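J.: Below you'll find the structure I mean.
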Amino acid sequence: DKPTILVTGGAGYIGSHAVLALRDAGWPVVVVDNLTTGFRFAVPDDVTLVEADIADQPVIEAALREHKVAGILHFAGSIIVPESVENPLKYYHNNTAKSRSLIESAVRCGVKHFIFSSTAATYGVPEVSPVREDSPKLPINPYGMSKLMTEIMLTDVAAAHPINFCALRYFNVAGADPQTRTGQSTAGATHLIKVAVEAALGKRSHVSIFGTDFDTPDGTGVRDYIHVSDLAAAHVLALEALMADPDRNHILNCGYGRGFSVAEVLDAVDRVTNEKIDRRVEGRRAGDPPSLISDNREILARFPWKPAYADLDVIVDHALAWERKLTELRPA
Ligand code: UDP
């Protein structure tokens with residue numbers, strides 16, 4: 001019988017997909033979420049939701065002990081880059097200090113495995129693309145730094161205590177559960193595919209293109225868009241790898257190793273919807289690297305990861321299906 005896994009941020013976008021992936025694979029799951037940015041409707045009815053902050057040690061440690069939790073998937077955190085520039089202390093609090101507290105609870109309660117949501121933002125502006133895990137980590141914003149600091153804590157803690165960890169550095173996460181059970185539900189989200197499907201459904205008047213003068217094939221920014229369900233599947237494999245070899249830790253890029261430009265993404269949305277969304281060229285956003293593509297050879301070598309939804313039109317189609325469902329759940 002599989003032991004229980006605790007998922008922080010399980011009511012959020014990526015966390016709710018991971019909950020489904022774990023549950024579909026037969027793992028008992030407990031979610032911890034304070035619902036500041038998560039949604040109760042994103043947690044399946046048969047999954048226990050502990051409505052608490054990850055830094056509330058008495059509550060967290062009671063849950064870890066009661067459910068004999070073997071592993072933690074830690075998604076909870078703040079994720080808006082410009083906000084992290086305006087309010088760095090919020091990011092060092094939510095992402096770094098509260099992770100420290102959670103890791104301490106994990107060590108105290110004998111949790112053996114820890115999986116952490118890290119980010120390609122730990123690299124800053126990579127000199128070499130596709131970017132490898134051992135490339136310099138020079139974050140250009142507090143968000144990336146707050147995540148890098150937690151990776152470093154985990155490395156030190158795993159060396160000192162009987163716990164191992166996997167940090168997955170996500171590239172551009174997009175799409176939604178193929179069965180439309182969950183998806184990106186945040187109002188006012190800024191991510192390109194989310195914004196574009198909102199525009200396609202008439203929830204926005206247009207899509208801004210932030211820069212057409214980058215050193216890329218068509219001048220617009222290039223990103224490695226990864227389907228959230230493939231990302232969720234990687235977490236289940238990471239858990240299995242940590243259990244199979246307790247002496248090994250993993251810090252791995254999670255992307256497909258290919259990129260699409262902003263123009264190509266908008267073309268895909270037009271193709272999938274058979275419409276033409278209004279595009280407006282604007283200036284570059286502060287701190288946007290021209291291109292961010294993963295070198296994913298390491299994760300492919302270590303885990304039996306078989307991405308199923310790398311097709312850009314499939315990612316857009318699933319994002320669109322969820323956006324429609326969201327309209328029914330939350331009429332304007
Ligand atoms: N982008 C854009 N218009 C938007 C949102 C994003 O042109 O409304 C561009 C952005 O400049 C970047 C890419 O799309 O080149 C992906 O941005 P996103 O905010 O989705 O993710 P990021 O790479 O910043 O984490």
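Simple scheme: letters A, B, ... for chains in structure tokens order, numbers from 1 for residues in each chain, numbers from 1 for ligands in the order shown.
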Given a cut-off of 10 Å, what residues near ligand 1 show up using only C-alpha atoms and all ligand atoms, put as an MDAnalysis selection string?

T.: chainID A and resid 79:82 119:121 170:174 189:196 206:212 214 220:225 260:263 265:266 279:292

J.: List every residue of range 117-234 of chain A that has an atom at most 12 Å from any atom of range 271-274 of chain A, and for each one report the closest atom pair and its distance in Å to one decimal, counting only C-alpha atoms, with rows sorted by chain and then by increasing residue number, as a Markdown table.

T.:
| residue | atom | partner | partner_atom | distance |
| --- | --- | --- | --- | --- |
| A:Ala196 | CA | A:Thr273 | CA | 10.8 |
| A:Val197 | CA | A:Thr273 | CA | 8.9 |
| A:Glu198 | CA | A:Thr273 | CA | 11.6 |
| A:Ala199 | CA | A:Thr273 | CA | 10.9 |
| A:Ala200 | CA | A:Thr273 | CA | 7.2 |
| A:Leu201 | CA | A:Thr273 | CA | 9.0 |
| A:Gly202 | CA | A:Thr273 | CA | 11.8 |

J.: Residues as selected, C-alpha atoms, written as a compact mmCIF listing (two decimals), in the first residue's frame, can you do that?

T.:
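Generated file (again_1.txt):
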# COMPACT_ATOMS: atom_id res chain seq x y z
CA ALA A 196 -4.49 34.63 -25.37
CA VAL A 197 -7.29 32.12 -24.70
CA GLU A 198 -9.10 34.73 -22.60
CA ALA A 199 -8.87 37.10 -25.58
CA ALA A 200 -10.08 34.36 -27.94
CA LEU A 201 -13.19 33.93 -25.76
CA GLY A 202 -13.84 37.67 -25.67

J.: From the DSSP assignment of the backbone, select every residue of range 74-225 of chain A that is strand (DSSP E or B), and format the answer as an NGL selection string.

T.: :A and (74 or 113-119 or 131 or 164-170 or 172-174 or 207-210 or 222-223 or 225)

J.: Store the residues picked out above, limited to C-alpha atoms, as a PDB file, in the first residue's frame.

T.:
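result-v2.pdb written:
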ATOM      1  CA  HIS A  74       5.702  21.678  -2.120  1.00  0.00           C
ATOM      2  CA  HIS A 113      11.130  12.803   0.567  1.00  0.00           C
ATOM      3  CA  PHE A 114      10.615  16.398  -0.539  1.00  0.00           C
ATOM      4  CA  ILE A 115       9.760  17.677  -4.005  1.00  0.00           C
ATOM      5  CA  PHE A 116      10.097  21.376  -4.638  1.00  0.00           C
ATOM      6  CA  SER A 117       8.679  23.652  -7.341  1.00  0.00           C
ATOM      7  CA  SER A 118      11.656  25.560  -8.651  1.00  0.00           C
ATOM      8  CA  THR A 119      11.923  27.638 -11.769  1.00  0.00           C
ATOM      9  CA  VAL A 131      20.099  25.999 -20.691  1.00  0.00           C
ATOM     10  CA  ASN A 164      16.186  13.460   0.032  1.00  0.00           C
ATOM     11  CA  PHE A 165      14.787  15.972  -2.412  1.00  0.00           C
ATOM     12  CA  CYS A 166      14.022  16.782  -6.008  1.00  0.00           C
ATOM     13  CA  ALA A 167      13.809  20.375  -7.241  1.00  0.00           C
ATOM     14  CA  LEU A 168      12.127  20.681 -10.623  1.00  0.00           C
ATOM     15  CA  ARG A 169      12.953  23.863 -12.514  1.00  0.00           C
ATOM     16  CA  TYR A 170       9.805  24.588 -14.474  1.00  0.00           C
ATOM     17  CA  ASN A 172       6.618  27.999 -19.087  1.00  0.00           C
ATOM     18  CA  VAL A 173       3.743  25.958 -17.697  1.00  0.00           C
ATOM     19  CA  ALA A 174       0.506  26.093 -19.687  1.00  0.00           C
ATOM     20  CA  VAL A 207      -3.185  40.538 -26.600  1.00  0.00           C
ATOM     21  CA  SER A 208      -0.107  42.699 -26.141  1.00  0.00           C
ATOM     22  CA  ILE A 209       3.124  41.520 -27.726  1.00  0.00           C
ATOM     23  CA  PHE A 210       5.912  42.673 -25.432  1.00  0.00           C
ATOM     24  CA  VAL A 222      10.802  32.502 -27.301  1.00  0.00           C
ATOM     25  CA  ARG A 223       9.765  30.161 -24.478  1.00  0.00           C
ATOM     26  CA  TYR A 225       5.909  25.915 -23.080  1.00  0.00           C
TER      27      TYR A 225
END

J.: What is the distance between CA of Gly257 in chain A and CA of Ser129 in chain A, in Å to one decimal?

T.: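 It comes out at 9.5 Å.
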
J.: As a PyMOL selection string, please: all residues of range 29-277 of chain A that backbone DSSP puts in helix (DSSP H, G or I).

T.: chain A and resi 40-42+57-66+81-86+88-108+120-123+142-160+192-200+228-244+262-273

J.: With C-alpha atoms retained, could you export that selection as an mmCIF file, in the first residue's frame?

T.:
data_model
loop_
_atom_site.group_PDB
_atom_site.id
_atom_site.type_symbol
_atom_site.label_atom_id
_atom_site.label_comp_id
_atom_site.auth_asym_id
_atom_site.auth_seq_id
_atom_site.Cartn_x
_atom_site.Cartn_y
_atom_site.Cartn_z
ATOM 1 C CA ARG A 40 -11.524 25.023 -3.019
ATOM 2 C CA PHE A 41 -13.225 23.732 -6.181
ATOM 3 C CA ALA A 42 -9.803 22.650 -7.489
ATOM 4 C CA GLN A 57 4.012 24.295 12.356
ATOM 5 C CA PRO A 58 1.580 22.854 14.951
ATOM 6 C CA VAL A 59 -1.071 22.246 12.275
ATOM 7 C CA ILE A 60 1.407 20.994 9.648
ATOM 8 C CA GLU A 61 3.183 18.667 12.058
ATOM 9 C CA ALA A 62 -0.105 17.259 13.366
ATOM 10 C CA ALA A 63 -1.116 16.487 9.757
ATOM 11 C CA LEU A 64 2.277 14.939 8.924
ATOM 12 C CA ARG A 65 2.061 12.657 11.974
ATOM 13 C CA GLU A 66 -1.627 11.811 11.742
ATOM 14 C CA VAL A 81 7.854 38.277 -11.140
ATOM 15 C CA PRO A 82 7.047 42.034 -11.298
ATOM 16 C CA GLU A 83 5.386 41.823 -7.877
ATOM 17 C CA SER A 84 8.576 40.270 -6.498
ATOM 18 C CA VAL A 85 10.513 43.302 -7.713
ATOM 19 C CA GLU A 86 8.059 45.672 -6.016
ATOM 20 C CA PRO A 88 10.815 41.416 -2.394
ATOM 21 C CA LEU A 89 10.152 40.763 1.290
ATOM 22 C CA LYS A 90 6.841 39.093 0.413
ATOM 23 C CA TYR A 91 8.782 36.660 -1.786
ATOM 24 C CA TYR A 92 11.546 35.985 0.729
ATOM 25 C CA HIS A 93 8.790 35.408 3.297
ATOM 26 C CA ASN A 94 6.379 33.235 1.315
ATOM 27 C CA ASN A 95 8.905 31.345 -0.799
ATOM 28 C CA THR A 96 12.038 31.224 1.324
ATOM 29 C CA ALA A 97 11.188 31.687 5.027
ATOM 30 C CA LYS A 98 7.973 29.638 4.908
ATOM 31 C CA SER A 99 9.728 26.893 2.946
ATOM 32 C CA ARG A 100 12.358 26.817 5.688
ATOM 33 C CA SER A 101 9.583 26.348 8.242
ATOM 34 C CA LEU A 102 7.945 23.568 6.217
ATOM 35 C CA ILE A 103 11.281 21.782 5.682
ATOM 36 C CA GLU A 104 11.890 21.970 9.437
ATOM 37 C CA SER A 105 8.481 20.374 10.058
ATOM 38 C CA ALA A 106 9.336 17.670 7.514
ATOM 39 C CA VAL A 107 12.647 16.880 9.233
ATOM 40 C CA ARG A 108 11.053 16.856 12.701
ATOM 41 C CA ALA A 120 13.942 28.527 -14.850
ATOM 42 C CA ALA A 121 14.034 32.015 -13.293
ATOM 43 C CA THR A 122 16.928 30.689 -11.158
ATOM 44 C CA TYR A 123 19.130 31.052 -14.278
ATOM 45 C CA PRO A 142 13.625 38.307 -6.195
ATOM 46 C CA TYR A 143 11.231 35.568 -7.343
ATOM 47 C CA GLY A 144 14.068 33.557 -8.919
ATOM 48 C CA MET A 145 16.359 34.267 -5.967
ATOM 49 C CA SER A 146 13.719 33.221 -3.403
ATOM 50 C CA LYS A 147 13.396 29.850 -5.172
ATOM 51 C CA LEU A 148 17.166 29.406 -5.587
ATOM 52 C CA MET A 149 17.643 30.018 -1.852
ATOM 53 C CA THR A 150 15.203 27.205 -1.108
ATOM 54 C CA GLU A 151 17.073 24.845 -3.464
ATOM 55 C CA ILE A 152 20.247 25.649 -1.524
ATOM 56 C CA MET A 153 18.525 25.024 1.834
ATOM 57 C CA LEU A 154 17.276 21.672 0.593
ATOM 58 C CA THR A 155 20.760 20.671 -0.568
ATOM 59 C CA ASP A 156 22.204 21.409 2.875
ATOM 60 C CA VAL A 157 19.320 19.822 4.798
ATOM 61 C CA ALA A 158 19.429 16.649 2.690
ATOM 62 C CA ALA A 159 23.145 16.330 3.502
ATOM 63 C CA ALA A 160 22.495 16.642 7.237
ATOM 64 C CA LEU A 192 0.780 34.413 -22.485
ATOM 65 C CA ILE A 193 -1.326 31.342 -23.297
ATOM 66 C CA LYS A 194 -3.836 32.139 -20.545
ATOM 67 C CA VAL A 195 -4.122 35.738 -21.740
ATOM 68 C CA ALA A 196 -4.486 34.625 -25.365
ATOM 69 C CA VAL A 197 -7.286 32.120 -24.696
ATOM 70 C CA GLU A 198 -9.097 34.732 -22.605
ATOM 71 C CA ALA A 199 -8.871 37.099 -25.582
ATOM 72 C CA ALA A 200 -10.080 34.361 -27.936
ATOM 73 C CA VAL A 228 0.864 21.155 -16.897
ATOM 74 C CA SER A 229 -0.203 17.488 -16.974
ATOM 75 C CA ASP A 230 3.208 16.382 -18.293
ATOM 76 C CA LEU A 231 4.740 18.463 -15.511
ATOM 77 C CA ALA A 232 2.448 16.814 -12.940
ATOM 78 C CA ALA A 233 3.471 13.374 -14.254
ATOM 79 C CA ALA A 234 7.146 14.320 -13.751
ATOM 80 C CA HIS A 235 6.398 14.914 -10.050
ATOM 81 C CA VAL A 236 5.009 11.407 -9.603
ATOM 82 C CA LEU A 237 8.135 9.999 -11.270
ATOM 83 C CA ALA A 238 10.311 12.203 -9.059
ATOM 84 C CA LEU A 239 8.599 10.767 -5.984
ATOM 85 C CA GLU A 240 9.237 7.221 -7.202
ATOM 86 C CA ALA A 241 12.891 8.061 -7.934
ATOM 87 C CA LEU A 242 13.388 9.550 -4.464
ATOM 88 C CA MET A 243 11.893 6.444 -2.862
ATOM 89 C CA ALA A 244 13.957 4.087 -5.034
ATOM 90 C CA VAL A 262 5.002 34.857 -28.973
ATOM 91 C CA ALA A 263 3.881 35.166 -32.621
ATOM 92 C CA GLU A 264 3.856 31.374 -33.000
ATOM 93 C CA VAL A 265 1.777 30.986 -29.842
ATOM 94 C CA LEU A 266 -0.769 33.532 -31.075
ATOM 95 C CA ASP A 267 -0.852 31.801 -34.478
ATOM 96 C CA ALA A 268 -1.627 28.534 -32.663
ATOM 97 C CA VAL A 269 -4.491 30.157 -30.745
ATOM 98 C CA ASP A 270 -5.893 31.555 -34.011
ATOM 99 C CA ARG A 271 -5.568 28.126 -35.630
ATOM 100 C CA VAL A 272 -7.239 26.244 -32.785
ATOM 101 C CA THR A 273 -10.112 28.736 -32.439
#

J.: So which residues touch Glu298 in chain A within 12 Å, counting only C-alpha atoms, skipping near sequence neighbours fewer than 3 positions away, as a ChimeraX atom specification?

T.: /A:131-134,168-169,250-257,294-295,301-305
